[in-house]
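Source file: data29.pdb; contents: PDB, C-alpha atoms.
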```pdb
MODEL        1
ATOM      1  CA  MET A 196      15.559   5.392 -20.570
ATOM      2  CA  LEU A 197      12.679   5.736 -18.116
ATOM      3  CA  GLU A 198       9.094   5.273 -19.239
ATOM      4  CA  LEU A 199       5.957   5.907 -17.187
ATOM      5  CA  GLU A 200       3.570   2.937 -17.100
ATOM      6  CA  ARG A 201       0.260   2.272 -15.394
ATOM      7  CA  MET A 202      -0.545  -1.306 -14.441
ATOM      8  CA  LEU A 203      -2.641  -3.635 -12.337
ATOM      9  CA  ILE A 204      -0.514  -5.668  -9.912
ATOM     10  CA  THR A 205      -1.611  -9.304 -10.122
ATOM     11  CA  VAL A 206       0.988 -11.495  -8.399
ATOM     12  CA  ARG A 207       4.057 -11.278  -6.132
ATOM     13  CA  THR A 208       6.600 -13.936  -5.219
ATOM     14  CA  TYR A 209       7.794 -14.772  -1.719
ATOM     15  CA  PRO A 210      10.981 -12.787  -0.870
ATOM     16  CA  ASN A 211      14.370 -14.278  -1.675
ATOM     17  CA  PRO A 212      17.663 -13.149  -0.034
ATOM     18  CA  SER A 213      19.929 -11.052  -2.232
ATOM     19  CA  THR A 214      23.392  -9.570  -1.745
ATOM     20  CA  LYS A 215      22.878  -6.667  -4.130
ATOM     21  CA  TYR A 216      19.229  -5.843  -3.412
ATOM     22  CA  ILE A 217      18.803  -6.942   0.269
ATOM     23  CA  GLU A 218      16.062  -9.312  -0.873
ATOM     24  CA  THR A 219      14.042  -9.595  -4.046
ATOM     25  CA  VAL A 220      10.379  -9.972  -4.859
ATOM     26  CA  CYS A 221       9.307 -10.589  -8.444
ATOM     27  CA  THR A 222       6.038  -8.796  -9.246
ATOM     28  CA  GLY A 223       3.682  -9.444 -12.155
ATOM     29  CA  GLY A 224       1.308  -6.861 -13.555
ATOM     30  CA  ILE A 225      -0.667  -5.958 -16.668
ATOM     31  CA  THR A 226      -0.556  -2.512 -18.277
ATOM     32  CA  ASP A 227      -3.453  -0.475 -19.639
ATOM     33  CA  ALA A 228      -2.366  -1.670 -23.088
ATOM     34  CA  GLY A 229      -2.797  -5.309 -22.029
ATOM     35  CA  GLU A 230       0.928  -6.031 -21.898
ATOM     36  CA  TRP A 231       2.424  -8.119 -19.099
ATOM     37  CA  ARG A 232       5.207  -6.715 -16.981
ATOM     38  CA  ARG A 233       7.629  -8.318 -14.548
ATOM     39  CA  LEU A 234       8.851  -5.705 -12.048
ATOM     40  CA  TYR A 235      12.235  -6.873 -10.840
ATOM     41  CA  PRO A 236      14.045  -6.425  -8.551
ATOM     42  CA  VAL A 237      11.938  -5.031  -5.714
ATOM     43  CA  ALA A 238      12.904  -5.230  -2.012
ATOM     44  CA  HIS A 239       9.211  -5.034  -1.161
ATOM     45  CA  ARG A 240       9.387  -5.311   2.638
ATOM     46  CA  TYR A 241      11.934  -2.483   2.789
ATOM     47  CA  ILE A 242      10.130   0.167   0.742
ATOM     48  CA  ASP A 243       8.173   2.833   2.600
ATOM     49  CA  GLU A 244       4.428   2.504   3.121
ATOM     50  CA  ASP A 245       3.563   5.082   0.451
ATOM     51  CA  HIS A 246       5.058   2.806  -2.203
ATOM     52  CA  LYS A 247       4.224  -0.608  -0.714
ATOM     53  CA  TYR A 248       1.714  -1.957  -3.215
ATOM     54  CA  ARG A 249      -0.666  -4.892  -2.714
ATOM     55  CA  THR A 250      -1.945  -7.473  -5.157
ATOM     56  CA  PHE A 251      -4.681  -5.914  -7.331
ATOM     57  CA  ASP A 252      -3.528  -2.370  -6.695
ATOM     58  CA  ILE A 253      -3.442  -0.126  -9.757
ATOM     59  CA  VAL A 254      -0.106   1.697  -9.773
ATOM     60  CA  GLU A 255       1.782   4.177 -11.878
ATOM     61  CA  VAL A 256       5.565   3.814 -11.950
ATOM     62  CA  LYS A 257       8.572   4.784 -14.039
ATOM     63  CA  VAL A 258      10.437   1.785 -15.421
ATOM     64  CA  ARG A 259      13.448   1.020 -17.568
ATOM     65  CA  PRO A 260      14.109  -2.126 -19.673
ATOM     66  CA  GLY A 261      15.301  -5.153 -17.719
ATOM     67  CA  ASN A 262      18.670  -6.790 -18.301
ATOM     68  CA  ASP A 263      17.740 -10.451 -17.824
ATOM     69  CA  GLY A 264      16.728 -11.245 -21.402
ATOM     70  CA  ARG A 265      13.029 -11.644 -20.642
ATOM     71  CA  PRO A 266      10.873  -9.284 -22.747
ATOM     72  CA  GLU A 267       8.369  -8.532 -19.987
ATOM     73  CA  THR A 268      10.968  -7.544 -17.369
ATOM     74  CA  ARG A 269      11.220  -3.904 -16.291
ATOM     75  CA  ARG A 270      13.369  -2.348 -13.548
ATOM     76  CA  PRO A 271      11.100  -0.054 -11.547
ATOM     77  CA  GLU A 272      12.106   3.233  -9.949
ATOM     78  CA  ILE A 273      10.215   2.591  -6.724
ATOM     79  CA  ALA A 274      10.503   6.217  -5.576
ATOM     80  CA  THR A 275       8.261   7.176  -8.527
ATOM     81  CA  LEU A 276       5.566   4.591  -7.771
ATOM     82  CA  LYS A 277       2.102   5.934  -6.978
ATOM     83  CA  ILE A 278      -0.779   3.736  -5.844
ATOM     84  CA  GLN A 279      -3.849   5.053  -7.645
ATOM     85  CA  SER A 280      -6.594   2.650  -6.589
ATOM     86  CA  HIS A 281      -7.414  -0.951  -5.688
ATOM     87  CA  LEU A 282      -9.680  -3.339  -7.611
ATOM     88  CA  GLU A 283     -11.965  -4.881  -5.008
ATOM     89  CA  HIS A 284     -14.272  -6.933  -7.223
ATOM     90  CA  TRP A 285     -13.234 -10.126  -8.998
ATOM     91  CA  LYS A 286     -15.237  -9.225 -12.118
ATOM     92  CA  ASP A 287     -13.168  -6.068 -12.605
ATOM     93  CA  ARG A 288      -9.958  -8.047 -12.105
ATOM     94  CA  VAL A 289     -11.010 -10.765 -14.544
ATOM     95  CA  ASP A 290     -12.058  -8.184 -17.167
ATOM     96  CA  CYS A 291      -8.484  -6.844 -17.176
ATOM     97  CA  ILE A 292      -6.784 -10.224 -17.314
ATOM     98  CA  LYS A 293      -9.107 -12.432 -19.407
ATOM     99  CA  PRO A 294      -8.127 -11.150 -22.900
ATOM    100  CA  THR A 295      -4.504 -12.186 -22.245
ATOM    101  CA  ILE A 296      -5.101 -15.757 -20.998
ATOM    102  CA  PHE A 297      -3.405 -18.515 -22.993
ATOM    103  CA  PRO A 298      -5.223 -21.845 -23.413
ATOM    104  CA  SER A 299      -2.046 -23.833 -22.759
ATOM    105  CA  LEU A 300       1.538 -23.558 -21.613
ATOM    106  CA  GLU A 301       2.740 -24.674 -25.049
ATOM    107  CA  LYS A 302       0.881 -21.849 -26.793
ATOM    108  CA  MET A 303       2.339 -19.376 -24.283
ATOM    109  CA  LYS A 304       5.841 -20.631 -25.128
ATOM    110  CA  MET A 305       5.132 -20.550 -28.881
ATOM    111  CA  ASP A 306       4.217 -16.876 -28.483
ATOM    112  CA  LYS A 307       7.588 -16.379 -26.722
ATOM    113  CA  LYS A 308       6.041 -15.089 -23.515
ATOM    114  CA  THR A 309       7.880 -15.538 -20.219
ATOM    115  CA  LEU A 310       4.990 -14.256 -18.082
ATOM    116  CA  ALA A 311       1.282 -14.779 -18.709
ATOM    117  CA  PRO A 312      -1.858 -16.433 -17.312
ATOM    118  CA  VAL A 313      -2.698 -19.937 -18.562
ATOM    119  CA  ALA A 314      -6.183 -21.457 -18.392
ATOM    120  CA  VAL A 315      -6.636 -24.501 -16.162
ATOM    121  CA  LYS A 316      -8.802 -27.374 -17.333
ATOM    122  CA  GLU A 317      -8.429 -29.441 -14.165
ATOM    123  CA  VAL A 318      -6.407 -29.403 -10.954
ATOM    124  CA  LEU A 319      -5.223 -32.939 -10.258
ATOM    125  CA  ASP A 320      -3.198 -32.714  -7.056
ATOM    126  CA  PHE A 321      -1.319 -30.557  -4.585
ATOM    127  CA  VAL A 322       2.135 -31.677  -3.445
ATOM    128  CA  ALA A 323       4.212 -30.267  -0.576
ATOM    129  CA  GLU A 324       7.741 -31.600  -0.957
ATOM    130  CA  LYS A 325      10.001 -31.085   2.061
ATOM    131  CA  SER A 326      12.972 -28.835   1.379
ATOM    132  CA  ASN A 327      15.692 -27.381   3.601
ATOM    133  CA  ALA A 328      14.260 -26.066   6.846
ATOM    134  CA  ASP A 329      16.791 -23.236   6.939
ATOM    135  CA  TRP A 330      18.520 -20.936   4.477
ATOM    136  CA  SER A 331      21.771 -22.096   2.922
ATOM    137  CA  VAL A 332      25.120 -20.773   4.191
ATOM    138  CA  ALA A 333      25.344 -18.451   1.172
ATOM    139  CA  GLN A 334      21.827 -17.138   1.750
ATOM    140  CA  LYS A 335      22.541 -16.529   5.434
ATOM    141  CA  GLU A 336      25.604 -14.500   4.474
ATOM    142  CA  LYS A 337      23.438 -12.357   2.221
ATOM    143  CA  MET A 338      20.972 -11.807   5.061
ATOM    144  CA  LYS A 339      23.738 -10.676   7.440
ATOM    145  CA  GLN A 340      24.672  -7.713   5.287
ATOM    146  CA  GLU A 341      23.135  -4.539   6.660
ATOM    147  CA  GLY A 342      21.623  -1.890   4.431
ATOM    148  CA  LEU A 343      22.629   1.744   4.745
ATOM    149  CA  PHE A 344      19.434   2.781   6.505
ATOM    150  CA  ASP A 345      17.372  -0.280   7.417
ATOM    151  CA  PRO A 346      18.367  -3.189   9.655
ATOM    152  CA  ARG A 347      17.692  -6.616   8.255
ATOM    153  CA  LYS A 348      14.204  -7.960   8.890
ATOM    154  CA  PRO A 349      13.751 -11.638   9.793
ATOM    155  CA  LEU A 350      12.785 -13.703   6.765
ATOM    156  CA  GLU A 351      11.326 -17.121   7.477
ATOM    157  CA  LYS A 352      12.374 -19.979   5.224
ATOM    158  CA  ILE A 353       9.445 -21.975   3.877
ATOM    159  CA  PRO A 354      10.515 -25.614   4.476
ATOM    160  CA  TYR A 355       8.519 -26.952   1.513
ATOM    161  CA  ASP A 356       8.426 -26.743  -2.241
ATOM    162  CA  PHE A 357       4.756 -26.392  -3.126
ATOM    163  CA  ARG A 358       3.650 -27.800  -6.471
ATOM    164  CA  ILE A 359       0.297 -28.067  -8.201
ATOM    165  CA  ILE A 360      -0.318 -30.831 -10.719
ATOM    166  CA  TRP A 361      -2.857 -29.725 -13.332
ATOM    167  CA  ARG A 362      -3.996 -29.969 -16.937
ATOM    168  CA  ASP A 363      -4.216 -27.039 -19.319
ATOM    169  CA  GLN A 364      -6.799 -26.678 -22.082
ATOM    170  CA  ASP A 365      -4.622 -28.776 -24.424
ATOM    171  CA  ASN A 366      -5.017 -31.571 -21.847
ATOM    172  CA  MET A 367      -1.282 -31.485 -21.133
ATOM    173  CA  GLU A 368      -0.338 -32.343 -17.552
ATOM    174  CA  GLN A 369       1.881 -29.867 -15.733
ATOM    175  CA  LYS A 370       3.641 -29.953 -12.363
ATOM    176  CA  SER A 371       4.268 -26.346 -11.445
ATOM    177  CA  LEU A 372       6.217 -24.815  -8.569
ATOM    178  CA  VAL A 373       4.134 -22.274  -6.615
ATOM    179  CA  ILE A 374       6.115 -19.316  -5.242
ATOM    180  CA  SER A 375       3.423 -16.668  -4.818
ATOM    181  CA  TRP A 376       3.588 -14.480  -1.720
ATOM    182  CA  GLU A 377      -0.019 -15.218  -0.721
ATOM    183  CA  PHE A 378       0.446 -18.977  -1.041
ATOM    184  CA  CYS A 379       3.555 -19.016   1.155
ATOM    185  CA  GLU A 380       1.977 -16.608   3.631
ATOM    186  CA  THR A 381      -0.945 -19.032   3.958
ATOM    187  CA  TRP A 382       1.450 -21.717   5.189
ATOM    188  CA  ARG A 383       3.023 -19.287   7.688
ATOM    189  CA  LYS A 384      -0.384 -18.204   8.970
ATOM    190  CA  TYR A 385      -1.614 -21.774   9.447
ATOM    191  CA  LYS A 386       1.610 -22.763  11.192
ATOM    192  CA  GLN A 387       1.339 -19.782  13.572
ATOM    193  CA  ARG A 388      -2.231 -20.777  14.370
ATOM    194  CA  ASN A 389      -0.972 -24.237  15.328
ATOM    195  CA  TYR A 390      -3.188 -26.179  12.982
ATOM    196  CA  PRO A 391      -2.468 -29.915  13.446
ATOM    197  CA  ASP A 392      -1.854 -30.263   9.703
ATOM    198  CA  PRO A 393      -1.143 -26.925   7.936
ATOM    199  CA  ILE A 394      -0.611 -28.695   4.600
ATOM    200  CA  ALA A 395      -4.064 -30.310   4.719
ATOM    201  CA  LYS A 396      -5.534 -26.917   5.603
ATOM    202  CA  MET A 397      -3.742 -25.368   2.613
ATOM    203  CA  ARG A 398      -5.153 -28.039   0.321
ATOM    204  CA  GLU A 399      -8.634 -27.252   1.606
ATOM    205  CA  ALA A 400      -8.223 -23.499   1.151
ATOM    206  CA  TRP A 401      -6.426 -23.411  -2.182
ATOM    207  CA  ILE A 402      -7.172 -26.623  -4.048
ATOM    208  CA  ASP A 403     -10.636 -27.631  -2.891
ATOM    209  CA  ASP A 404     -11.965 -24.070  -2.648
ATOM    210  CA  ARG A 405     -10.129 -21.530  -4.808
ATOM    211  CA  CYS A 406      -9.222 -24.052  -7.507
ATOM    212  CA  GLY A 407     -12.407 -26.123  -7.155
ATOM    213  CA  SER A 408     -14.221 -27.650 -10.122
ATOM    214  CA  ASP A 409     -16.858 -24.903  -9.954
ATOM    215  CA  ARG A 410     -14.240 -22.162 -10.475
ATOM    216  CA  ASP A 411     -12.906 -20.653 -13.693
ATOM    217  CA  VAL A 412      -9.193 -20.918 -12.890
ATOM    218  CA  SER A 413      -6.029 -19.613 -14.534
ATOM    219  CA  PHE A 414      -2.471 -19.719 -13.191
ATOM    220  CA  PHE A 415       0.089 -16.959 -13.607
ATOM    221  CA  MET A 416       3.017 -18.734 -15.229
ATOM    222  CA  GLY A 417       6.565 -17.394 -15.459
ATOM    223  CA  ASN A 418      10.075 -18.649 -15.980
ATOM    224  CA  ALA A 419      13.390 -17.859 -14.353
ATOM    225  CA  ALA A 420      16.039 -15.822 -16.130
ATOM    226  CA  GLN A 421      18.502 -17.875 -18.155
ATOM    227  CA  HIS A 422      21.496 -16.122 -16.588
TER     228      HIS A 422
ENDMDL
END
```

Go ahead and render the structure in this file as structure tokens.
Amino acid sequence: MLELERMLITVRTYPNPSTKYIETVCTGGITDAGEWRRLYPVAHRYIDEDHKYRTFDIVEVKVRPGNDGRPETRRPEIATLKIQSHLEHWKDRVDCIKPTIFPSLEKMKMDKKTLAPVAVKEVLDFVAEKSNADWSVAQKEKMKQEGLFDPRKPLEKIPYDFRIIWRDQDNMEQKSLVISWEFCETWRKYKQRNYPDPIAKMREAWIDDRCGSDRDVSFFMGNAAQH
């Protein structure tokens, strides 16, 4: 059953190859009622410009319940999506999100949430662990399959697993994988600009600046489907 919802888009993941959906992007957003939603699956790079939302766009879209067991998941009907506006100012963004922030990852889990923001007490470190420089054989096979209307677009493999080590407000240390679109796009941009050390530049931009000690930081936390 389809239901019309209005939400603020807050986070998108880097695309992942998919046989069934071309490629998938997991999108997080918060509704007018203050409920978190995971829009999945979305082949974001393949949808037309009228429906291609950005982070911090306010959108209206018809959704149906997801089938992955996670209560926040909804399957969007992208053809119904309308971009209504864009929140430019951080204060407006924070006002929407702040009432839903959990003080710790443990309290988020106790509340049985699989998607929510968690307050950061301190960022301890940024780690870039080398991973495969190319897609696996299975992933390459998925990327070879042509859609009915659109040829496959090149999708660069990020050759690192990015992790942030941090403490939440319960003083519990976490080591979290970062898969946000903007974070991965930062690495691609710095590499294209031929910075001598793109990883050091990422640390400067994200850890020292955006997650600096003078900032009020929260991380959008989510988990993968069980099956």

Smallest atom-to-atom distance to A:Ala311: which of A:Asp392, A:Glu198, A:Glu267, A:Asp245, using all atoms listed in the file?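 Distance minimum relative to A:Ala311 lands on A:Glu267.
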
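You will find atom CA of A:Arg288 at 12.5 Å from atom CA of A:Thr226.
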
Name the residues in contact with A:Cys291 at a cut-off of 8 Å, using all atoms listed in the file, excluding same-chain residues fewer than 3 positions from it; report them as a PDB file with C-alpha atoms, keeping the file's coordinate frame.
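Writing the result to part15.pdb gives the following:
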```
ATOM      1  CA  ILE A 225      -0.667  -5.958 -16.668  1.00  0.00           C
ATOM      2  CA  GLY A 229      -2.797  -5.309 -22.029  1.00  0.00           C
ATOM      3  CA  ASP A 287     -13.168  -6.068 -12.605  1.00  0.00           C
ATOM      4  CA  ARG A 288      -9.958  -8.047 -12.105  1.00  0.00           C
ATOM      5  CA  PRO A 294      -8.127 -11.150 -22.900  1.00  0.00           C
TER       6      PRO A 294
END
```

From the options A:Gln279, A:Ser413, A:Thr381, A:Ser371, which residue's atoms come nearest to A:Tyr248, counting only C-alpha atoms?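 Among the listed residues, A:Gln279 lies closest to A:Tyr248.
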
Mind listing as a ChimeraX atom specification all residues within 10 Å of (1.6, -9.4, -13.4), counting only C-alpha atoms? /A:202-207,221-226,230-234,250-251,267,292,310-312,415-417

Which residue of A:Ile253, A:Ile353, A:Ile360, A:Ala323 approaches A:Ser280 most closely, using only C-alpha atoms: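 Looking only at the distances to A:Ser280, the closest residue turns out to be A:Ile253.
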
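Nearest to A:Glu283 of all the residues A:Arg249, A:Trp401, A:Leu300, A:Arg270 is A:Arg249, counting all atoms listed in the file.
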
Hits of the PyMOL selection byres ((chain A and resi 338) around 9) in this structure, as a PyMOL selection string: chain A and resi 212-214+217-218+333-337+339-341+347-350

To test your reading of the syntax: which residues would the PyMOL selection byres ((chain A and resi 325-329) around 8) return for the file shown? Reply as a PyMOL selection string. chain A and resi 323-324+330-331+352-356
